[in-house]
Amino acid sequence: MKTLTLDLPEQMAEELAEAEPEFIIQVLRAGLQKVRQVPELVTEHPYVTRVPGKRGGRPIIRGTGITVSLIARLYKAGDTVDEILESYPHLHPSWVHDAIGYYLDHQDEIEREIHESRVEYLAEQHNLTIAENGFVHFPEQSDPHGQQ
């Protein structure tokens with residue numbers, strides 16, 4: 001056994017101090033199992049999935065954080081699968097091919113995602129201005145106390 005020291009809210013620490021050690025271990029085990037079981041939303045493509053809370057629920061290559069839209073942008077720019085693999089050596093060729101296939105099957109969705117991630121779109125949506133030097137300027141906001 002190993003000893004673990006935690007900083008907990010006072011009420012929680014008091015409740016745990018009164019609990020049986022076996023009960024605490026059971027609760028911790030159950031909690032760890034839940035955390036490890038992130039629900040994956042299956043797609044018709046074996047290497048593409050969606051995970052709520054990961055990359056905004058956008059389609060990603062399973063087991064990675066690489067979005068299909070990233071692979072699609074590279075593919076549209078003329079990168080070959082081999083060139084993509086050079087940039088992302090942890091990926092497998094079949095994964096990249098599947099991401100491209102997903103893009104081709106869901107072009108409207110992925111094109112919208114690509115469009116909505118562009119700086120110009122974000123600037124328009126959030127009333128930002130982009131200076132010639134590339135700096136982003138945020139709109140002035142009122143002071144919460146009524147002062148500017």
# chains A, B, ... in the order shown; residues from 1 in each chain; ligands from 1
call {"tool": "residues_around", "arguments": {"residues": "segment 50-61 of chain A", "least_positions_apart": "4", "cutoff": "8 Å", "atoms": "only C-alpha atoms", "output": "ChimeraX atom specification"}}
result
/A:38-43,65-69,95-96,99
call {"tool": "residues_around", "arguments": {"residues": "Pro139 of chain A", "least_positions_apart": "4", "cutoff": "10 Å", "atoms": "only C-alpha atoms", "output": "count of residues only"}}
result
4
call {"tool": "closest_residue", "arguments": {"among": "A:Ala30, A:Ala17, A:Leu6, A:Leu74", "to": "Ile100 of chain A", "atoms": "only C-alpha atoms"}}
result
A:Leu74
call {"tool": "closest_residue", "arguments": {"among": "A:His137, A:His45, A:Lys2, A:Arg29", "to": "His97 of chain A", "atoms": "only C-alpha atoms"}}
result
A:His45
call {"tool": "select_by_dssp", "arguments": {"residues": "segment 5-146 of chain A", "states": "strand (DSSP E)", "output": "ChimeraX atom specification"}}
result
/A:41-42,48-50,60-61,129-130,136-137
call {"tool": "closest_residue", "arguments": {"among": "A:Glu10, A:His90, A:Tyr103, A:Thr49", "to": "Tyr75 of chain A", "atoms": "only C-alpha atoms"}}
result
A:Tyr103
call {"tool": "select_by_dssp", "arguments": {"residues": "chain A", "states": "helix (DSSP H, G or I)", "output": "compact mmCIF listing (two decimals) with N, CA and C atoms, in the first residue's frame"}}
result
# COMPACT_ATOMS: atom_id res chain seq x y z
N GLU A 10 -13.07 21.16 3.44
CA GLU A 10 -13.17 20.73 4.84
C GLU A 10 -14.29 19.72 5.08
N GLN A 11 -15.48 19.97 4.54
CA GLN A 11 -16.61 19.06 4.76
C GLN A 11 -16.32 17.68 4.19
N MET A 12 -15.74 17.64 3.00
CA MET A 12 -15.42 16.36 2.37
C MET A 12 -14.38 15.61 3.20
N ALA A 13 -13.37 16.33 3.68
CA ALA A 13 -12.33 15.71 4.50
C ALA A 13 -12.94 15.12 5.77
N GLU A 14 -13.89 15.82 6.37
CA GLU A 14 -14.54 15.30 7.59
C GLU A 14 -15.34 14.04 7.30
N GLU A 15 -16.07 14.03 6.16
CA GLU A 15 -16.85 12.85 5.79
C GLU A 15 -15.94 11.66 5.53
N LEU A 16 -14.84 11.90 4.82
CA LEU A 16 -13.92 10.80 4.52
C LEU A 16 -13.21 10.30 5.77
N ALA A 17 -12.94 11.18 6.70
CA ALA A 17 -12.26 10.77 7.94
C ALA A 17 -13.12 9.78 8.72
N GLU A 18 -14.44 9.86 8.57
CA GLU A 18 -15.34 8.96 9.30
C GLU A 18 -15.62 7.66 8.55
N PRO A 21 -11.83 2.65 5.47
CA PRO A 21 -10.84 2.69 4.38
C PRO A 21 -11.25 1.85 3.17
N GLU A 22 -11.87 0.68 3.40
CA GLU A 22 -12.29 -0.17 2.29
C GLU A 22 -13.34 0.55 1.42
N PHE A 23 -14.24 1.28 2.07
CA PHE A 23 -15.27 2.02 1.34
C PHE A 23 -14.62 3.10 0.47
N ILE A 24 -13.67 3.82 1.01
CA ILE A 24 -12.99 4.88 0.27
C ILE A 24 -12.27 4.29 -0.95
N ILE A 25 -11.63 3.14 -0.76
CA ILE A 25 -10.92 2.49 -1.87
C ILE A 25 -11.90 2.08 -2.96
N GLN A 26 -13.07 1.54 -2.57
CA GLN A 26 -14.10 1.16 -3.55
C GLN A 26 -14.58 2.37 -4.34
N VAL A 27 -14.83 3.47 -3.65
CA VAL A 27 -15.30 4.68 -4.31
C VAL A 27 -14.24 5.20 -5.28
N LEU A 28 -12.99 5.21 -4.87
CA LEU A 28 -11.91 5.67 -5.74
C LEU A 28 -11.79 4.79 -6.97
N ARG A 29 -11.87 3.47 -6.79
CA ARG A 29 -11.78 2.55 -7.93
C ARG A 29 -12.93 2.79 -8.92
N ALA A 30 -14.14 2.94 -8.38
CA ALA A 30 -15.30 3.17 -9.25
C ALA A 30 -15.13 4.49 -10.00
N GLY A 31 -14.65 5.52 -9.33
CA GLY A 31 -14.43 6.81 -9.97
C GLY A 31 -13.39 6.73 -11.06
N LEU A 32 -12.31 6.01 -10.81
CA LEU A 32 -11.26 5.86 -11.82
C LEU A 32 -11.78 5.12 -13.05
N GLN A 33 -12.60 4.10 -12.83
CA GLN A 33 -13.16 3.36 -13.96
C GLN A 33 -14.04 4.26 -14.81
N LYS A 34 -14.84 5.10 -14.16
CA LYS A 34 -15.71 6.02 -14.90
C LYS A 34 -14.90 7.01 -15.72
N VAL A 35 -13.84 7.55 -15.12
CA VAL A 35 -13.00 8.52 -15.81
C VAL A 35 -12.34 7.89 -17.02
N ARG A 36 -11.94 6.65 -16.91
CA ARG A 36 -11.26 5.97 -18.02
C ARG A 36 -12.21 5.61 -19.14
N ARG A 55 -11.72 18.15 -28.52
CA ARG A 55 -11.73 18.90 -29.78
C ARG A 55 -13.14 19.36 -30.14
N GLY A 56 -13.90 19.70 -29.09
CA GLY A 56 -15.25 20.22 -29.32
C GLY A 56 -16.21 19.19 -29.89
N GLY A 57 -15.90 17.90 -29.75
CA GLY A 57 -16.76 16.85 -30.29
C GLY A 57 -16.63 16.67 -31.79
N VAL A 68 -10.15 15.47 -38.21
CA VAL A 68 -10.32 15.18 -39.63
C VAL A 68 -10.12 16.46 -40.44
N SER A 69 -10.56 17.59 -39.89
CA SER A 69 -10.43 18.85 -40.63
C SER A 69 -8.95 19.22 -40.86
N LEU A 70 -8.08 18.89 -39.92
CA LEU A 70 -6.64 19.14 -40.13
C LEU A 70 -6.13 18.30 -41.29
N ILE A 71 -6.46 17.02 -41.28
CA ILE A 71 -6.03 16.13 -42.37
C ILE A 71 -6.62 16.62 -43.69
N ALA A 72 -7.89 17.04 -43.66
CA ALA A 72 -8.54 17.53 -44.89
C ALA A 72 -7.84 18.78 -45.42
N ARG A 73 -7.45 19.69 -44.53
CA ARG A 73 -6.74 20.90 -44.99
C ARG A 73 -5.42 20.53 -45.67
N LEU A 74 -4.69 19.59 -45.07
CA LEU A 74 -3.42 19.15 -45.66
C LEU A 74 -3.66 18.47 -47.01
N TYR A 75 -4.66 17.61 -47.06
CA TYR A 75 -5.02 16.90 -48.29
C TYR A 75 -5.41 17.88 -49.39
N LYS A 76 -6.24 18.86 -49.05
CA LYS A 76 -6.67 19.86 -50.03
C LYS A 76 -5.52 20.73 -50.51
N VAL A 81 -0.36 11.35 -48.56
CA VAL A 81 -0.44 10.62 -47.29
C VAL A 81 0.95 10.48 -46.69
N ASP A 82 1.94 10.18 -47.52
CA ASP A 82 3.32 10.04 -47.02
C ASP A 82 3.82 11.35 -46.41
N GLU A 83 3.49 12.48 -47.02
CA GLU A 83 3.92 13.78 -46.46
C GLU A 83 3.21 14.06 -45.13
N ILE A 84 1.94 13.69 -45.05
CA ILE A 84 1.21 13.86 -43.79
C ILE A 84 1.85 12.99 -42.71
N LEU A 85 2.24 11.77 -43.08
CA LEU A 85 2.86 10.86 -42.12
C LEU A 85 4.24 11.36 -41.67
N GLU A 86 4.94 12.07 -42.54
CA GLU A 86 6.22 12.67 -42.16
C GLU A 86 6.01 13.72 -41.07
N SER A 87 4.93 14.49 -41.21
CA SER A 87 4.63 15.53 -40.23
C SER A 87 4.03 14.95 -38.95
N PRO A 93 -0.79 4.90 -41.93
CA PRO A 93 -1.37 5.24 -43.23
C PRO A 93 -2.88 4.97 -43.31
N SER A 94 -3.33 3.86 -42.76
CA SER A 94 -4.76 3.54 -42.83
C SER A 94 -5.60 4.56 -42.07
N TRP A 95 -5.06 5.14 -41.02
CA TRP A 95 -5.79 6.16 -40.26
C TRP A 95 -5.97 7.42 -41.10
N VAL A 96 -4.89 7.81 -41.79
CA VAL A 96 -4.93 9.02 -42.61
C VAL A 96 -5.88 8.81 -43.78
N HIS A 97 -5.80 7.65 -44.43
CA HIS A 97 -6.71 7.34 -45.54
C HIS A 97 -8.16 7.38 -45.05
N ASP A 98 -8.41 6.85 -43.86
CA ASP A 98 -9.77 6.84 -43.33
C ASP A 98 -10.26 8.26 -43.04
N ALA A 99 -9.37 9.11 -42.52
CA ALA A 99 -9.74 10.51 -42.26
C ALA A 99 -10.07 11.22 -43.57
N ILE A 100 -9.30 10.95 -44.61
CA ILE A 100 -9.58 11.53 -45.93
C ILE A 100 -10.93 11.01 -46.45
N GLY A 101 -11.16 9.71 -46.26
CA GLY A 101 -12.45 9.13 -46.66
C GLY A 101 -13.61 9.77 -45.91
N TYR A 102 -13.42 10.01 -44.63
CA TYR A 102 -14.47 10.66 -43.84
C TYR A 102 -14.73 12.05 -44.39
N TYR A 103 -13.65 12.78 -44.68
CA TYR A 103 -13.80 14.12 -45.27
C TYR A 103 -14.60 14.06 -46.56
N LEU A 104 -14.26 13.13 -47.44
CA LEU A 104 -14.95 13.02 -48.73
C LEU A 104 -16.42 12.64 -48.56
N ASP A 105 -16.71 11.83 -47.55
CA ASP A 105 -18.10 11.43 -47.28
C ASP A 105 -18.91 12.52 -46.57
N GLN A 107 -18.15 16.12 -46.72
CA GLN A 107 -17.48 17.36 -47.15
C GLN A 107 -18.15 18.62 -46.63
N ASP A 108 -19.45 18.70 -46.67
CA ASP A 108 -20.13 19.92 -46.21
C ASP A 108 -19.80 20.21 -44.75
N GLU A 109 -19.89 19.18 -43.91
CA GLU A 109 -19.61 19.33 -42.48
C GLU A 109 -18.16 19.77 -42.24
N ILE A 110 -17.21 19.11 -42.88
CA ILE A 110 -15.79 19.40 -42.64
C ILE A 110 -15.41 20.74 -43.25
N GLU A 111 -15.97 21.07 -44.42
CA GLU A 111 -15.70 22.38 -45.02
C GLU A 111 -16.22 23.50 -44.11
N ARG A 112 -17.38 23.30 -43.51
CA ARG A 112 -17.93 24.29 -42.57
C ARG A 112 -16.99 24.44 -41.37
N GLU A 113 -16.50 23.32 -40.86
CA GLU A 113 -15.56 23.33 -39.74
C GLU A 113 -14.28 24.09 -40.10
N ILE A 114 -13.77 23.83 -41.29
CA ILE A 114 -12.56 24.52 -41.76
C ILE A 114 -12.84 26.02 -41.87
N HIS A 115 -13.97 26.37 -42.47
CA HIS A 115 -14.34 27.77 -42.64
C HIS A 115 -14.45 28.47 -41.28
N GLU A 116 -15.11 27.81 -40.32
CA GLU A 116 -15.35 28.42 -39.02
C GLU A 116 -14.09 28.51 -38.16
N VAL A 119 -9.24 32.57 -39.26
CA VAL A 119 -9.10 33.80 -38.48
C VAL A 119 -10.12 34.84 -38.93
N GLU A 120 -10.32 34.98 -40.23
CA GLU A 120 -11.24 35.98 -40.76
C GLU A 120 -12.67 35.73 -40.25
N TYR A 121 -13.07 34.48 -40.24
CA TYR A 121 -14.42 34.14 -39.75
C TYR A 121 -14.53 34.46 -38.27
N LEU A 122 -13.53 34.05 -37.49
CA LEU A 122 -13.55 34.31 -36.05
C LEU A 122 -13.55 35.80 -35.76
N ALA A 123 -12.78 36.56 -36.54
CA ALA A 123 -12.75 38.01 -36.35
C ALA A 123 -14.12 38.61 -36.60
N GLU A 124 -14.78 38.15 -37.65
CA GLU A 124 -16.10 38.67 -37.98
C GLU A 124 -17.12 38.30 -36.89
N GLN A 125 -17.07 37.07 -36.43
CA GLN A 125 -18.03 36.60 -35.43
C GLN A 125 -17.87 37.29 -34.07
